[in-house]
file model.json (JSON, C-alpha atoms)
[["chain", "number", "residue", "atom", "x", "y", "z"],
["A", 1, "HIS", "CA", -45.81, 49.19, -56.96],
["A", 2, "ALA", "CA", -48.61, 49.30, -54.41],
["A", 3, "SER", "CA", -49.83, 45.85, -55.48],
["A", 4, "ILE", "CA", -46.30, 44.43, -55.06],
["A", 5, "ILE", "CA", -46.04, 45.89, -51.58],
["A", 6, "ASP", "CA", -49.51, 44.55, -50.68],
["A", 7, "GLY", "CA", -48.51, 41.11, -51.98],
["A", 8, "VAL", "CA", -45.36, 41.11, -49.85],
["A", 9, "ARG", "CA", -47.35, 42.08, -46.78],
["A", 10, "LEU", "CA", -50.07, 39.47, -47.35],
["A", 11, "CYS", "CA", -47.65, 36.57, -47.83],
["A", 12, "LYS", "CA", -45.47, 37.88, -44.98],
["A", 13, "ALA", "CA", -42.34, 37.69, -47.12],
["A", 14, "GLN", "CA", -39.21, 39.58, -46.21],
["A", 15, "ARG", "CA", -38.74, 42.86, -48.02],
["A", 16, "PHE", "CA", -35.45, 44.48, -49.06],
["A", 17, "ARG", "CA", -34.89, 48.08, -50.04],
["A", 18, "TYR", "CA", -32.01, 48.84, -52.38],
["A", 19, "LYS", "CA", -30.85, 51.87, -54.32],
["A", 20, "ASN", "CA", -32.63, 52.51, -57.59],
["A", 21, "ASN", "CA", -31.14, 50.50, -60.48],
["A", 22, "ASN", "CA", -28.14, 49.56, -58.34],
["A", 23, "MET", "CA", -27.54, 45.82, -58.67],
["A", 24, "ALA", "CA", -24.40, 46.00, -56.55],
["A", 25, "ASP", "CA", -26.43, 47.33, -53.62],
["A", 26, "LEU", "CA", -29.07, 44.63, -54.15],
["A", 27, "ARG", "CA", -26.39, 41.93, -54.24],
["A", 28, "GLU", "CA", -24.89, 43.29, -51.04],
["A", 29, "LYS", "CA", -28.28, 43.21, -49.31],
["A", 30, "LEU", "CA", -29.01, 39.64, -50.45],
["A", 31, "GLU", "CA", -25.56, 38.39, -49.42],
["A", 32, "ALA", "CA", -25.98, 39.98, -45.98],
["A", 33, "GLU", "CA", -29.36, 38.28, -45.60],
["A", 34, "GLN", "CA", -27.91, 34.93, -46.71],
["A", 35, "GLN", "CA", -25.11, 35.25, -44.16],
["A", 36, "GLN", "CA", -27.64, 36.04, -41.46],
["A", 37, "LYS", "CA", -29.64, 32.94, -42.37],
["A", 38, "VAL", "CA", -26.51, 30.80, -42.15],
["A", 39, "LEU", "CA", -25.78, 32.16, -38.68],
["A", 40, "GLN", "CA", -29.35, 31.41, -37.59],
["A", 41, "THR", "CA", -29.41, 27.82, -38.87],
["A", 42, "ALA", "CA", -25.81, 26.89, -37.96],
["A", 43, "PRO", "CA", -26.69, 25.72, -34.40],
["A", 44, "PHE", "CA", -29.48, 23.53, -35.78],
["A", 45, "PHE", "CA", -27.40, 21.87, -38.51],
["A", 46, "GLY", "CA", -24.31, 21.64, -36.31],
["A", 47, "LYS", "CA", -26.24, 19.73, -33.66],
["A", 48, "TRP", "CA", -28.15, 17.24, -35.82],
["A", 49, "LEU", "CA", -25.43, 16.57, -38.40],
["A", 50, "TRP", "CA", -23.06, 15.88, -35.52],
["A", 51, "LEU", "CA", -25.54, 13.28, -34.19],
["A", 52, "LEU", "CA", -25.75, 11.70, -37.65],
["A", 53, "PHE", "CA", -21.97, 11.42, -37.69],
["A", 54, "TRP", "CA", -21.85, 9.58, -34.35],
["A", 55, "LEU", "CA", -24.70, 7.25, -35.36],
["A", 56, "ILE", "CA", -22.57, 5.87, -38.18],
["A", 57, "ILE", "CA", -20.09, 4.37, -35.70],
["A", 58, "PRO", "CA", -22.55, 1.98, -33.95],
["A", 59, "SER", "CA", -24.00, 1.19, -37.39],
["A", 60, "ILE", "CA", -20.58, 0.01, -38.56],
["A", 61, "LEU", "CA", -20.12, -2.07, -35.41],
["A", 62, "SER", "CA", -23.54, -3.65, -35.87],
["A", 63, "SER", "CA", -22.77, -4.56, -39.51],
["A", 64, "LEU", "CA", -19.58, -6.27, -38.35],
["A", 65, "GLY", "CA", -21.53, -8.14, -35.67],
["A", 66, "THR", "CA", -24.05, -9.52, -38.15],
["A", 67, "GLN", "CA", -21.50, -11.43, -40.21],
["A", 68, "ASP", "CA", -21.98, -15.19, -40.59],
["A", 69, "VAL", "CA", -18.76, -15.85, -38.70],
["A", 70, "ILE", "CA", -20.15, -14.03, -35.67],
["A", 71, "ALA", "CA", -23.44, -15.94, -35.96],
["A", 72, "GLY", "CA", -21.59, -19.26, -35.70],
["A", 73, "TRP", "CA", -19.30, -18.10, -32.91],
["A", 74, "SER", "CA", -21.81, -16.19, -30.75],
["A", 75, "PRO", "CA", -25.51, -16.20, -31.79],
["A", 76, "VAL", "CA", -26.39, -13.80, -28.96],
["A", 77, "THR", "CA", -23.87, -11.23, -30.24],
["A", 78, "TYR", "CA", -25.26, -11.71, -33.75],
["A", 79, "TYR", "CA", -28.85, -10.95, -32.70],
["A", 80, "ILE", "CA", -27.85, -8.01, -30.49],
["A", 81, "ALA", "CA", -25.86, -6.51, -33.36],
["A", 82, "GLY", "CA", -28.84, -6.98, -35.68],
["A", 83, "ILE", "CA", -31.18, -5.17, -33.28],
["A", 84, "LEU", "CA", -28.60, -2.40, -32.80],
["A", 85, "GLY", "CA", -28.32, -1.95, -36.56],
["A", 86, "VAL", "CA", -32.10, -1.63, -36.99],
["A", 87, "LEU", "CA", -32.33, 0.88, -34.14],
["A", 88, "CYS", "CA", -29.46, 2.98, -35.52],
["A", 89, "GLU", "CA", -31.00, 3.09, -38.99],
["A", 90, "ALA", "CA", -34.41, 4.01, -37.56],
["A", 91, "VAL", "CA", -32.95, 6.83, -35.46],
["A", 92, "TYR", "CA", -30.92, 7.96, -38.49],
["A", 93, "GLY", "CA", -34.14, 8.25, -40.50],
["A", 94, "LEU", "CA", -35.88, 10.17, -37.70],
["A", 95, "ILE", "CA", -32.99, 12.66, -37.51],
["A", 96, "LEU", "CA", -33.20, 13.18, -41.26],
["A", 97, "LEU", "CA", -36.90, 13.98, -40.83],
["A", 98, "ARG", "CA", -35.95, 16.44, -38.09],
["A", 99, "LEU", "CA", -33.48, 18.11, -40.47],
["A", 100, "SER", "CA", -36.29, 18.55, -43.01],
["A", 101, "LYS", "CA", -37.47, 21.46, -40.87],
["A", 102, "GLU", "CA", -34.81, 23.57, -42.64],
["A", 103, "GLU", "CA", -34.21, 21.56, -45.84],
["A", 104, "THR", "CA", -37.05, 19.63, -47.53],
["A", 105, "LEU", "CA", -34.73, 17.16, -49.31],
["A", 106, "TYR", "CA", -34.06, 15.54, -45.94],
["A", 107, "GLN", "CA", -37.73, 14.59, -45.64],
["A", 108, "LYS", "CA", -37.59, 12.24, -48.64],
["A", 109, "ALA", "CA", -34.30, 10.83, -47.38],
["A", 110, "GLY", "CA", -35.81, 10.16, -43.95],
["A", 111, "ILE", "CA", -38.89, 8.44, -45.37],
["A", 112, "CYS", "CA", -36.76, 6.26, -47.66],
["A", 113, "CYS", "CA", -34.51, 5.38, -44.72],
["A", 114, "LEU", "CA", -37.42, 4.29, -42.51],
["A", 115, "VAL", "CA", -39.00, 2.25, -45.33],
["A", 116, "LEU", "CA", -35.57, 0.69, -45.91],
["A", 117, "VAL", "CA", -35.45, -0.38, -42.26],
["A", 118, "ALA", "CA", -38.83, -2.10, -42.62],
["A", 119, "CYS", "CA", -37.69, -3.85, -45.83],
["A", 120, "SER", "CA", -34.46, -5.03, -44.22],
["A", 121, "VAL", "CA", -36.36, -6.55, -41.30],
["A", 122, "LEU", "CA", -38.77, -8.27, -43.72],
["A", 123, "ILE", "CA", -35.93, -9.74, -45.79],
["A", 124, "SER", "CA", -34.19, -10.94, -42.63],
["A", 125, "VAL", "CA", -37.35, -12.74, -41.48],
["A", 126, "LEU", "CA", -37.90, -14.31, -44.90],
["A", 127, "ALA", "CA", -34.28, -15.45, -45.12],
["A", 128, "ARG", "CA", -34.55, -17.15, -41.72],
["A", 129, "ASN", "CA", -37.88, -18.87, -42.35],
["A", 130, "LEU", "CA", -38.00, -19.68, -46.07],
["A", 131, "HIS", "CA", -34.38, -20.71, -46.62],
["A", 132, "THR", "CA", -34.67, -19.67, -50.28],
["A", 133, "GLU", "CA", -31.57, -17.80, -51.40],
["A", 134, "THR", "CA", -32.95, -16.93, -54.86],
["A", 135, "LEU", "CA", -36.02, -15.18, -53.43],
["A", 136, "VAL", "CA", -33.95, -13.28, -50.89],
["A", 137, "THR", "CA", -31.51, -12.23, -53.61],
["A", 138, "LEU", "CA", -34.32, -10.91, -55.82],
["A", 139, "LEU", "CA", -35.87, -9.02, -52.91],
["A", 140, "SER", "CA", -32.53, -7.37, -52.17],
["A", 141, "ILE", "CA", -32.60, -5.57, -55.56],
["A", 142, "PRO", "CA", -35.53, -3.21, -54.74],
["A", 143, "THR", "CA", -33.94, -2.71, -51.32],
["A", 144, "LEU", "CA", -30.74, -1.51, -52.97],
["A", 145, "VAL", "CA", -32.74, 0.80, -55.25],
["A", 146, "LEU", "CA", -34.45, 2.26, -52.19],
["A", 147, "GLU", "CA", -31.06, 2.67, -50.54],
["A", 148, "ILE", "CA", -29.83, 4.60, -53.59],
["A", 149, "CYS", "CA", -32.85, 6.93, -53.39],
["A", 150, "SER", "CA", -32.27, 7.52, -49.68],
["A", 151, "ALA", "CA", -28.58, 8.27, -50.28],
["A", 152, "TYR", "CA", -29.41, 10.61, -53.16],
["A", 153, "TYR", "CA", -31.81, 12.79, -51.18],
["A", 154, "GLU", "CA", -29.56, 12.80, -48.13],
["A", 155, "ILE", "CA", -26.43, 13.79, -50.06],
["A", 156, "GLN", "CA", -28.31, 16.42, -52.06],
["A", 157, "GLY", "CA", -29.64, 17.75, -48.76],
["A", 158, "HIS", "CA", -26.12, 18.00, -47.35],
["A", 159, "ALA", "CA", -24.95, 19.75, -50.52],
["A", 160, "SER", "CA", -27.88, 22.16, -50.41],
["A", 161, "VAL", "CA", -27.32, 23.28, -46.81],
["A", 162, "ALA", "CA", -23.58, 23.66, -47.40],
["A", 163, "GLU", "CA", -24.04, 25.60, -50.65],
["A", 164, "SER", "CA", -24.84, 28.92, -48.97],
["A", 165, "SER", "CA", -21.71, 29.02, -46.82],
["A", 166, "ASN", "CA", -19.18, 26.61, -48.35],
["A", 167, "ARG", "CA", -19.56, 25.90, -52.05],
["A", 168, "ASP", "CA", -16.47, 23.71, -52.17],
["A", 169, "LEU", "CA", -17.98, 21.42, -49.54],
["A", 170, "ALA", "CA", -21.24, 21.27, -51.50],
["A", 171, "ASP", "CA", -19.38, 20.30, -54.69],
["A", 172, "ARG", "CA", -17.58, 17.52, -52.83],
["A", 173, "TRP", "CA", -20.90, 16.10, -51.68],
["A", 174, "ARG", "CA", -22.19, 16.06, -55.25],
["A", 175, "GLU", "CA", -19.00, 14.40, -56.45],
["A", 176, "LEU", "CA", -19.38, 11.76, -53.73],
["A", 177, "TRP", "CA", -22.88, 11.02, -55.00],
["A", 178, "LYS", "CA", -21.52, 10.11, -58.45],
["A", 179, "TRP", "CA", -19.10, 7.58, -56.94],
["A", 180, "LEU", "CA", -21.77, 6.18, -54.63],
["A", 181, "LEU", "CA", -24.20, 5.78, -57.53],
["A", 182, "GLY", "CA", -21.57, 3.91, -59.56],
["A", 183, "SER", "CA", -20.77, 1.50, -56.73],
["A", 184, "SER", "CA", -24.47, 0.90, -56.03],
["A", 185, "VAL", "CA", -25.25, 0.17, -59.69],
["A", 186, "ALA", "CA", -22.31, -2.26, -59.73],
["A", 187, "MET", "CA", -23.75, -3.96, -56.64],
["A", 188, "ILE", "CA", -27.15, -4.42, -58.33],
["A", 189, "GLY", "CA", -25.43, -5.70, -61.47],
["A", 190, "SER", "CA", -23.46, -8.23, -59.43],
["A", 191, "ILE", "CA", -26.68, -9.61, -57.91],
["A", 192, "VAL", "CA", -28.17, -10.12, -61.36],
["A", 193, "LEU", "CA", -24.94, -11.73, -62.62],
["A", 194, "MET", "CA", -24.90, -14.10, -59.63],
["A", 195, "LEU", "CA", -28.14, -15.61, -60.93],
["A", 196, "ILE", "CA", -26.76, -16.00, -64.48],
["A", 197, "ILE", "CA", -22.98, -16.39, -64.24],
["A", 198, "PRO", "CA", -22.11, -17.04, -60.56],
["A", 199, "LEU", "CA", -18.32, -16.73, -60.94],
["A", 200, "LEU", "CA", -18.44, -13.41, -62.80],
["A", 201, "GLY", "CA", -21.12, -12.17, -60.42],
["A", 202, "ALA", "CA", -18.90, -13.00, -57.44],
["A", 203, "VAL", "CA", -15.99, -11.02, -58.91],
["A", 204, "VAL", "CA", -18.18, -7.99, -59.61],
["A", 205, "LEU", "CA", -19.68, -8.31, -56.12],
["A", 206, "ILE", "CA", -16.23, -8.16, -54.50],
["A", 207, "ALA", "CA", -15.30, -5.08, -56.54],
["A", 208, "ALA", "CA", -18.63, -3.39, -55.76],
["A", 209, "THR", "CA", -18.26, -4.19, -52.06],
["A", 210, "ILE", "CA", -14.81, -2.60, -51.95],
["A", 211, "ALA", "CA", -16.17, 0.47, -53.77],
["A", 212, "ASN", "CA", -19.05, 0.70, -51.28],
["A", 213, "ILE", "CA", -16.63, 0.55, -48.36],
["A", 214, "VAL", "CA", -14.53, 3.35, -49.86],
["A", 215, "THR", "CA", -17.56, 5.57, -50.54],
["A", 216, "GLY", "CA", -18.87, 4.80, -47.05],
["A", 217, "ILE", "CA", -15.61, 6.00, -45.51],
["A", 218, "ALA", "CA", -15.72, 9.10, -47.72],
["A", 219, "LYS", "CA", -19.28, 9.84, -46.57],
["A", 220, "PHE", "CA", -18.21, 9.38, -42.95],
["A", 221, "VAL", "CA", -15.41, 11.94, -43.41],
["A", 222, "MET", "CA", -17.61, 14.37, -45.34],
["A", 223, "LEU", "CA", -20.33, 14.26, -42.70],
["A", 224, "TYR", "CA", -17.73, 15.01, -40.05],
["A", 225, "LYS", "CA", -16.40, 17.98, -42.04],
["A", 226, "THR", "CA", -19.90, 19.34, -42.68],
["A", 227, "ALA", "CA", -20.93, 19.07, -39.03],
["A", 228, "GLN", "CA", -17.67, 20.67, -37.93],
["A", 229, "TRP", "CA", -18.12, 23.46, -40.45],
["A", 230, "PHE", "CA", -21.49, 24.47, -38.99],
["A", 231, "ARG", "CA", -20.22, 24.04, -35.44],
["A", 232, "GLY", "CA", -17.22, 26.20, -36.34],
["A", 233, "ILE", "CA", -19.47, 29.03, -37.58],
["A", 234, "LEU", "CA", -20.78, 29.42, -34.04],
["A", 235, "THR", "CA", -17.30, 30.05, -32.66],
["A", 236, "GLU", "CA", -16.30, 32.65, -35.24]]
call {"tool": "encode", "arguments": {"input": "model.json", "output": "structure tokens"}}
result
Amino acid sequence: HASIIDGVRLCKAQRFRYKNNNMADLREKLEAEQQQKVLQTAPFFGKWLWLLFWLIIPSILSSLGTQDVIAGWSPVTYYIAGILGVLCEAVYGLILLRLSKEETLYQKAGICCLVLVACSVLISVLARNLHTETLVTLLSIPTLVLEICSAYYEIQGHASVAESSNRDLADRWRELWKWLLGSSVAMIGSIVLMLIIPLLGAVVLIAATIANIVTGIAKFVMLYKTAQWFRGILTE
């Protein structure tokens, strides 16, 4: 017993005392500690998740502004929207890195997000200068894979931080990941099919795009609910 106590002191871990052979008392102590941790981290998660939620709105506007129709109608608007999109994604990645202070899964999500920004800029430059659609299409496949990795770590991070206080919310995040993975795989498959059977690839691409829009809206709503949940803890 002395060596256990010395080990706890040396590693500066938190120590709990519970009644001898009383698992109910131990469970009560652990649940009280978990609740205390939630109360301590709620301001942090409430603040930064709320910022993530609001960053999605300018990202959506920038994606609408970078459509080919906009490029033909107003090139200036097109370029401004492109710059706005890059900035939003970069800030999004930095906020994910900030969230990694309390949940390590966010660190991998943030790194993937920032690398994804660099890849998107590179592909945009190549598409403008090389005018080779096949090369750009092939380069978009690893970009989509990287996007899947970023989404995975981010969603698992959201589920992990929600698990301790709202298990139902955590389960919804994990369910969303399954749908997002399916739509992303369909998107990659459509790109490959476009190179082999263009017509079939176009049909799959439309279906995958619709699925991505739906999952994107679902993520937007889930992020709002998660941020509001942590912000609501502060007012209880």
call {"tool": "closest_residue", "arguments": {"input": "model.json", "among": "A:Asp6, A:Glu28, A:Glu147, A:Glu102", "to": "Met187 in chain A", "atoms": "all atoms listed in the file"}}
result
A:Glu147
call {"tool": "closest_residue", "arguments": {"input": "model.json", "among": "A:Tyr153, A:Phe45, A:Phe220, A:Phe230", "to": "Gly93 in chain A", "atoms": "all atoms listed in the file"}}
result
A:Tyr153
call {"tool": "residues_around", "arguments": {"input": "model.json", "residues": "range 161-173 of chain A", "least_positions_apart": "4", "cutoff": "12 Å", "atoms": "only C-alpha atoms", "output": "count of residues only"}}
result
51
call {"tool": "atom_distance", "arguments": {"input": "model.json", "atom1": "CA of Ile148 in chain A", "atom2": "CA of Tyr79 in chain A"}}
result
26.1 Å
call {"tool": "residues_around", "arguments": {"input": "model.json", "residues": "Ala202 in chain A", "least_positions_apart": "5", "cutoff": "12 Å", "atoms": "all atoms listed in the file", "output": "list of chain:residue names"}}
result
A:Ala186, A:Met187, A:Ile188, A:Gly189, A:Ser190, A:Ile191, A:Val192, A:Leu193, A:Met194, A:Leu195, A:Ile196, A:Ile197, A:Ala207, A:Ala208, A:Thr209
call {"tool": "atom_distance", "arguments": {"input": "model.json", "atom1": "CA of Leu205 in chain A", "atom2": "CA of Thr143 in chain A"}}
result
16.1 Å
call {"tool": "atom_distance", "arguments": {"input": "model.json", "atom1": "CA of Cys119 in chain A", "atom2": "CA of Gly65 in chain A"}}
result
19.6 Å
call {"tool": "axis_aligned_box", "arguments": {"input": "model.json", "around": "range 73-91 of chain A", "padding_each_side": "6 Å", "output": "JSON"}}
result
{"center_x": -26.9, "center_y": -5.6, "center_z": -34.0, "size_x": 27.1, "size_y": 36.9, "size_z": 22.0}
call {"tool": "residues_around", "arguments": {"input": "model.json", "residues": "Ser62 in chain A", "least_positions_apart": "5", "cutoff": "7 Å", "atoms": "all atoms listed in the file", "output": "list of chain:residue names"}}
result
A:Ala81, A:Gly82, A:Leu84, A:Gly85
